[in-house]
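K.L.:
Pasting a structure here, questions to come.
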Amino acid sequence: MNTFETKNTPSPDAGGHFGPYGGKFVPETLIPVLSELERVYAAAVADPAFTKRYDSLLANFVGRPTPLYFAERLTKHLDGPKIYLKREDLCHTGAHKINNALGQMLLAERMGKKRIIAETGAGQHGVATATAAARFGLECVVYMGEVDMARQAVNVKRMEMLGTEVRPVTAGQRTLKEAVSEAIRDWVANSSTTHYVLGSALGPHPFPMIVRDFQSVIGREARYAILAEEGRLPDLLVACVGGGSNSIGLFHPFLNDASVRMMGVEAGGRGNALGEHAARFDGGRPGVLQGTRTYVLQDDSGQIALTHSVSAGLDYAAVGPEHALLREIGRAEYDRVSDDEALEAYSLLNRLEGILPALESSHAVAWMIKHAAEMDGNEIVIVNLSGRGDKDLDQVLALGRTGLCSKR
Ligand SMILES: *Cc1c(COP(=O)(O)O)cnc(C)c1O
């Protein structure tokens, strides 16, 4: 299972386009920086020493491979297909984001860049990057909106304890979108010394490709494990879609397997009105946001819309450009589930399997719960559990949604 063995279509073209999506919509000064990253990345993946080091970090620092776990009680409860969970919640730092943060740290090292910057919303990508930077002894600055810093005070402390400087962003809504803009501004000013670790399969080329490739370890392991366990490929893959990195990581190694359906689940929030959800494919339209052309939630005049989700990791106005293409060509499907449905799934999986999923991952579980009756017992589904839900417990308690009163 060589790390970069599967190079499946559709890859981006030389300009980083996934069909009509993707590309590099950046200030002129960043073009040579992105070109350097492309060159260094291409050389890195062709270098066995790079792959060996990355694989060793994944095995010994992250704890890979993560299990592909048969959810026996959930399967029995739903009386539909056989449900397996890919356990990214068991990764070091509690989610898939560390896979990408470590890979990009190795790229920074190859480029001789000693300073790391990143943006974070909920703090998960910030913590993963701060962790990886500590491991590599690199200076690290994380941009975070002031509102998010207040909401995620524990993650701010975690980053600071790892030696990272968390810089408050006070512009606009003071959340993720403004933090990304601030990180890009820093990068433009300091690109000769600084690498920008982008946290999802988003932004200008080559980031959507690089993040996808680093996260594809999820799908490669899942494919290997299901063939070993069941002797055949799954019928369906289900994953939540924020920027789209855990989902593209699961989907990508299966893209050439025509029999495998793929379902990406977006945040349906609390309603259909613009501003009440983060379902880019069900309310958005093509546009450019933060370096890439993709589906964006926007008003009639093209102003970026506000978004809402109970899960901070899914709460963003744009989706990764490769997903926009996969949807357009009919290779993957996308649907939404509501805050309420995700909260139900959060409790149910905990009760039935003793696994507390992240609220993001709960969206994928909730979709499966809703649609299990449409499938039969001979079918096999892999649901990606992108992260663990301890981080969400305070929020769920505050909403009074722990499910403690329901009957056993
Ligand atoms: C950040 C995050 C997500 C959403 O990001 P993707 O890039 O879409 O994967 C999903 N799950 C968890 C646990 C996260 O931390």
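Starting from 1 in every chain, residues are counted up; chains themselves are A, B, ... following the order of the structure tokens, and ligands are numbered from 1 as listed.
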Which residues form the shell of 7 Å around ligand 1 when you count only C-alpha atoms and all ligand atoms, given as a list in words?

P.N.:
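Within the 7 Å cut-off, the matching residues are Ala95, His96, Lys97, Gln124, His125, Gly199, Ser200, Ala201, Cys240, Val241, Gly242, Gly243, Gly244, Ser245, Asn246, Ser247, Gly313, Leu314, Ala358, Glu360, Ser361, Ser386, Gly387 and Arg388 of chain A.
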
K.L.:
Let's have the selection written as an mmCIF file, in the first residue's frame, with N, CA, C and O atoms.

P.N.:
```
data_model
loop_
_atom_site.group_PDB
_atom_site.id
_atom_site.type_symbol
_atom_site.label_atom_id
_atom_site.label_comp_id
_atom_site.auth_asym_id
_atom_site.auth_seq_id
_atom_site.Cartn_x
_atom_site.Cartn_y
_atom_site.Cartn_z
ATOM 1 N N ALA A 95 -8.808 13.587 15.048
ATOM 2 C CA ALA A 95 -9.490 13.720 13.752
ATOM 3 C C ALA A 95 -8.484 13.508 12.622
ATOM 4 O O ALA A 95 -7.270 13.430 12.842
ATOM 5 N N HIS A 96 -9.035 13.473 11.396
ATOM 6 C CA HIS A 96 -8.209 13.221 10.207
ATOM 7 C C HIS A 96 -7.251 14.360 9.890
ATOM 8 O O HIS A 96 -6.323 14.190 9.126
ATOM 9 N N LYS A 97 -7.461 15.550 10.452
ATOM 10 C CA LYS A 97 -6.693 16.725 10.009
ATOM 11 C C LYS A 97 -5.185 16.571 10.175
ATOM 12 O O LYS A 97 -4.411 17.159 9.436
ATOM 13 N N GLN A 124 -9.811 22.878 15.253
ATOM 14 C CA GLN A 124 -9.306 21.516 15.021
ATOM 15 C C GLN A 124 -8.079 21.521 14.114
ATOM 16 O O GLN A 124 -7.089 20.852 14.388
ATOM 17 N N HIS A 125 -8.165 22.260 13.011
ATOM 18 C CA HIS A 125 -7.013 22.332 12.111
ATOM 19 C C HIS A 125 -5.865 23.087 12.786
ATOM 20 O O HIS A 125 -4.697 22.749 12.598
ATOM 21 N N GLY A 199 -6.061 23.921 5.528
ATOM 22 C CA GLY A 199 -6.614 22.816 6.296
ATOM 23 C C GLY A 199 -7.602 21.909 5.604
ATOM 24 O O GLY A 199 -7.984 20.879 6.144
ATOM 25 N N SER A 200 -8.053 22.257 4.394
ATOM 26 C CA SER A 200 -9.016 21.373 3.730
ATOM 27 C C SER A 200 -8.717 21.340 2.236
ATOM 28 O O SER A 200 -7.780 21.989 1.768
ATOM 29 N N ALA A 201 -9.503 20.579 1.486
ATOM 30 C CA ALA A 201 -9.249 20.400 0.050
ATOM 31 C C ALA A 201 -9.799 21.600 -0.713
ATOM 32 O O ALA A 201 -10.648 21.472 -1.597
ATOM 33 N N CYS A 240 -19.050 13.235 5.739
ATOM 34 C CA CYS A 240 -19.495 14.618 5.828
ATOM 35 C C CYS A 240 -18.576 15.511 4.983
ATOM 36 O O CYS A 240 -17.424 15.168 4.735
ATOM 37 N N VAL A 241 -19.130 16.639 4.522
ATOM 38 C CA VAL A 241 -18.365 17.544 3.660
ATOM 39 C C VAL A 241 -18.382 18.953 4.233
ATOM 40 O O VAL A 241 -19.407 19.640 4.203
ATOM 41 N N GLY A 242 -17.226 19.365 4.769
ATOM 42 C CA GLY A 242 -17.035 20.773 5.129
ATOM 43 C C GLY A 242 -16.332 21.402 3.943
ATOM 44 O O GLY A 242 -16.933 21.700 2.919
ATOM 45 N N GLY A 243 -15.007 21.554 4.051
ATOM 46 C CA GLY A 243 -14.228 21.914 2.861
ATOM 47 C C GLY A 243 -14.121 20.733 1.922
ATOM 48 O O GLY A 243 -13.960 20.892 0.711
ATOM 49 N N GLY A 244 -14.212 19.538 2.490
ATOM 50 C CA GLY A 244 -14.245 18.339 1.654
ATOM 51 C C GLY A 244 -13.035 17.433 1.752
ATOM 52 O O GLY A 244 -12.841 16.575 0.885
ATOM 53 N N SER A 245 -12.224 17.556 2.817
ATOM 54 C CA SER A 245 -10.990 16.762 2.823
ATOM 55 C C SER A 245 -11.174 15.329 3.326
ATOM 56 O O SER A 245 -10.616 14.400 2.744
ATOM 57 N N ASN A 246 -11.975 15.122 4.391
ATOM 58 C CA ASN A 246 -12.123 13.723 4.829
ATOM 59 C C ASN A 246 -12.913 12.926 3.800
ATOM 60 O O ASN A 246 -12.636 11.754 3.562
ATOM 61 N N SER A 247 -13.876 13.587 3.152
ATOM 62 C CA SER A 247 -14.693 12.891 2.150
ATOM 63 C C SER A 247 -13.878 12.576 0.894
ATOM 64 O O SER A 247 -13.911 11.435 0.412
ATOM 65 N N GLY A 313 -17.002 22.671 12.048
ATOM 66 C CA GLY A 313 -16.145 22.189 10.966
ATOM 67 C C GLY A 313 -16.835 22.129 9.611
ATOM 68 O O GLY A 313 -16.180 21.983 8.579
ATOM 69 N N LEU A 314 -18.172 22.201 9.595
ATOM 70 C CA LEU A 314 -18.907 22.159 8.320
ATOM 71 C C LEU A 314 -19.429 23.534 7.931
ATOM 72 O O LEU A 314 -20.074 23.689 6.896
ATOM 73 N N ALA A 358 -17.615 13.145 16.392
ATOM 74 C CA ALA A 358 -17.643 14.602 16.256
ATOM 75 C C ALA A 358 -18.987 15.006 15.658
ATOM 76 O O ALA A 358 -19.602 14.242 14.910
ATOM 77 N N GLU A 360 -19.425 16.971 13.289
ATOM 78 C CA GLU A 360 -19.246 16.908 11.833
ATOM 79 C C GLU A 360 -19.559 15.489 11.347
ATOM 80 O O GLU A 360 -20.412 15.281 10.487
ATOM 81 N N SER A 361 -18.857 14.514 11.928
ATOM 82 C CA SER A 361 -19.039 13.107 11.538
ATOM 83 C C SER A 361 -20.469 12.645 11.796
ATOM 84 O O SER A 361 -20.978 11.762 11.082
ATOM 85 N N SER A 386 -14.957 10.992 10.882
ATOM 86 C CA SER A 386 -13.805 11.879 10.669
ATOM 87 C C SER A 386 -13.132 12.330 11.960
ATOM 88 O O SER A 386 -11.944 12.643 11.962
ATOM 89 N N GLY A 387 -13.880 12.349 13.056
ATOM 90 C CA GLY A 387 -13.263 12.775 14.314
ATOM 91 C C GLY A 387 -14.096 12.367 15.516
ATOM 92 O O GLY A 387 -15.220 11.882 15.376
ATOM 93 N N ARG A 388 -13.525 12.575 16.700
ATOM 94 C CA ARG A 388 -14.235 12.178 17.921
ATOM 95 C C ARG A 388 -14.958 13.381 18.534
ATOM 96 O O ARG A 388 -14.594 14.529 18.309
#
```

K.L.:
Got a sec: who's within 6 Å of range 106-114 of chain A, counting only C-alpha atoms, leaving out chain neighbours fewer than 4 positions off, as a ChimeraX atom specification?

P.N.:
/A:138,193-195

K.L.:
Go ahead and dump the residues you just picked, C-alpha atoms, as a compact mmCIF listing (two decimals), in the first residue's frame.

P.N.:
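Written file, again12.txt:
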```txt
# COMPACT_ATOMS: atom_id res chain seq x y z
CA LEU A 138 8.89 25.03 13.53
CA THR A 193 10.22 32.14 4.90
CA THR A 194 6.71 30.87 5.49
CA HIS A 195 4.56 27.91 4.44
```

K.L.:
Using the chain letters and numbers from this document, which residues of range 91-305 of chain A does DSSP assign to strand (DSSP E), as an MDAnalysis selection string?

P.N.:
chainID A and resid 115:120 139:145 165:169 194:196 236:240 261:269 285:289 292:296

K.L.:
Please save C-alpha atoms of the selected residues as a PDB file, in the first residue's frame.

P.N.:
```
ATOM      1  CA  ARG A 115       7.760  29.418   9.756  1.00  0.00           C
ATOM      2  CA  ILE A 116       4.255  27.917   9.525  1.00  0.00           C
ATOM      3  CA  ILE A 117       0.957  29.754   9.320  1.00  0.00           C
ATOM      4  CA  ALA A 118      -2.567  28.354   9.315  1.00  0.00           C
ATOM      5  CA  GLU A 119      -6.155  29.438   9.733  1.00  0.00           C
ATOM      6  CA  THR A 120      -8.672  27.762  11.956  1.00  0.00           C
ATOM      7  CA  GLU A 139       7.590  28.475  14.479  1.00  0.00           C
ATOM      8  CA  CYS A 140       3.807  28.550  14.085  1.00  0.00           C
ATOM      9  CA  VAL A 141       1.188  31.300  13.885  1.00  0.00           C
ATOM     10  CA  VAL A 142      -2.523  30.441  13.654  1.00  0.00           C
ATOM     11  CA  TYR A 143      -5.105  33.031  12.592  1.00  0.00           C
ATOM     12  CA  MET A 144      -8.472  32.722  14.284  1.00  0.00           C
ATOM     13  CA  GLY A 145     -11.512  34.964  14.348  1.00  0.00           C
ATOM     14  CA  GLU A 165       0.916  32.017  18.609  1.00  0.00           C
ATOM     15  CA  VAL A 166      -2.828  32.407  18.065  1.00  0.00           C
ATOM     16  CA  ARG A 167      -3.547  35.750  16.362  1.00  0.00           C
ATOM     17  CA  PRO A 168      -7.054  37.151  16.803  1.00  0.00           C
ATOM     18  CA  VAL A 169      -8.778  38.350  13.627  1.00  0.00           C
ATOM     19  CA  THR A 194       6.710  30.874   5.485  1.00  0.00           C
ATOM     20  CA  HIS A 195       4.561  27.909   4.436  1.00  0.00           C
ATOM     21  CA  TYR A 196       0.789  28.189   4.638  1.00  0.00           C
ATOM     22  CA  LEU A 236     -21.661   2.911  -0.658  1.00  0.00           C
ATOM     23  CA  LEU A 237     -19.281   5.375   1.016  1.00  0.00           C
ATOM     24  CA  VAL A 238     -20.670   8.123   3.251  1.00  0.00           C
ATOM     25  CA  ALA A 239     -18.733  11.112   4.605  1.00  0.00           C
ATOM     26  CA  CYS A 240     -19.495  14.618   5.828  1.00  0.00           C
ATOM     27  CA  ARG A 261     -21.642   4.839  -4.778  1.00  0.00           C
ATOM     28  CA  MET A 262     -20.446   7.908  -2.898  1.00  0.00           C
ATOM     29  CA  MET A 263     -22.485  10.225  -0.708  1.00  0.00           C
ATOM     30  CA  GLY A 264     -21.188  13.524   0.647  1.00  0.00           C
ATOM     31  CA  VAL A 265     -23.258  15.016   3.469  1.00  0.00           C
ATOM     32  CA  GLU A 266     -23.454  18.774   3.956  1.00  0.00           C
ATOM     33  CA  ALA A 267     -24.712  20.750   6.923  1.00  0.00           C
ATOM     34  CA  GLY A 268     -28.445  21.392   6.561  1.00  0.00           C
ATOM     35  CA  GLY A 269     -28.418  23.561   9.685  1.00  0.00           C
ATOM     36  CA  ARG A 285     -23.980  28.415  -7.161  1.00  0.00           C
ATOM     37  CA  PRO A 286     -20.578  28.612  -8.866  1.00  0.00           C
ATOM     38  CA  GLY A 287     -18.392  31.525  -7.811  1.00  0.00           C
ATOM     39  CA  VAL A 288     -14.887  32.337  -6.640  1.00  0.00           C
ATOM     40  CA  LEU A 289     -13.956  32.351  -2.967  1.00  0.00           C
ATOM     41  CA  THR A 292     -10.752  28.737  -6.106  1.00  0.00           C
ATOM     42  CA  ARG A 293     -13.833  28.487  -8.310  1.00  0.00           C
ATOM     43  CA  THR A 294     -16.464  26.247  -6.825  1.00  0.00           C
ATOM     44  CA  TYR A 295     -19.976  26.155  -5.371  1.00  0.00           C
ATOM     45  CA  VAL A 296     -20.396  29.104  -3.026  1.00  0.00           C
TER      46      VAL A 296
END
```

K.L.:
So how many Å separate CA of Ile218 in chain A and CA of Ala71 in chain A, to one decimal?

P.N.:
17.8 Å

K.L.:
Taking only C-alpha atoms into account, which of A:Glu322, A:Asp79, A:Asp339, A:Glu221 comes nearest His205 in chain A?

P.N.:
A:Glu322
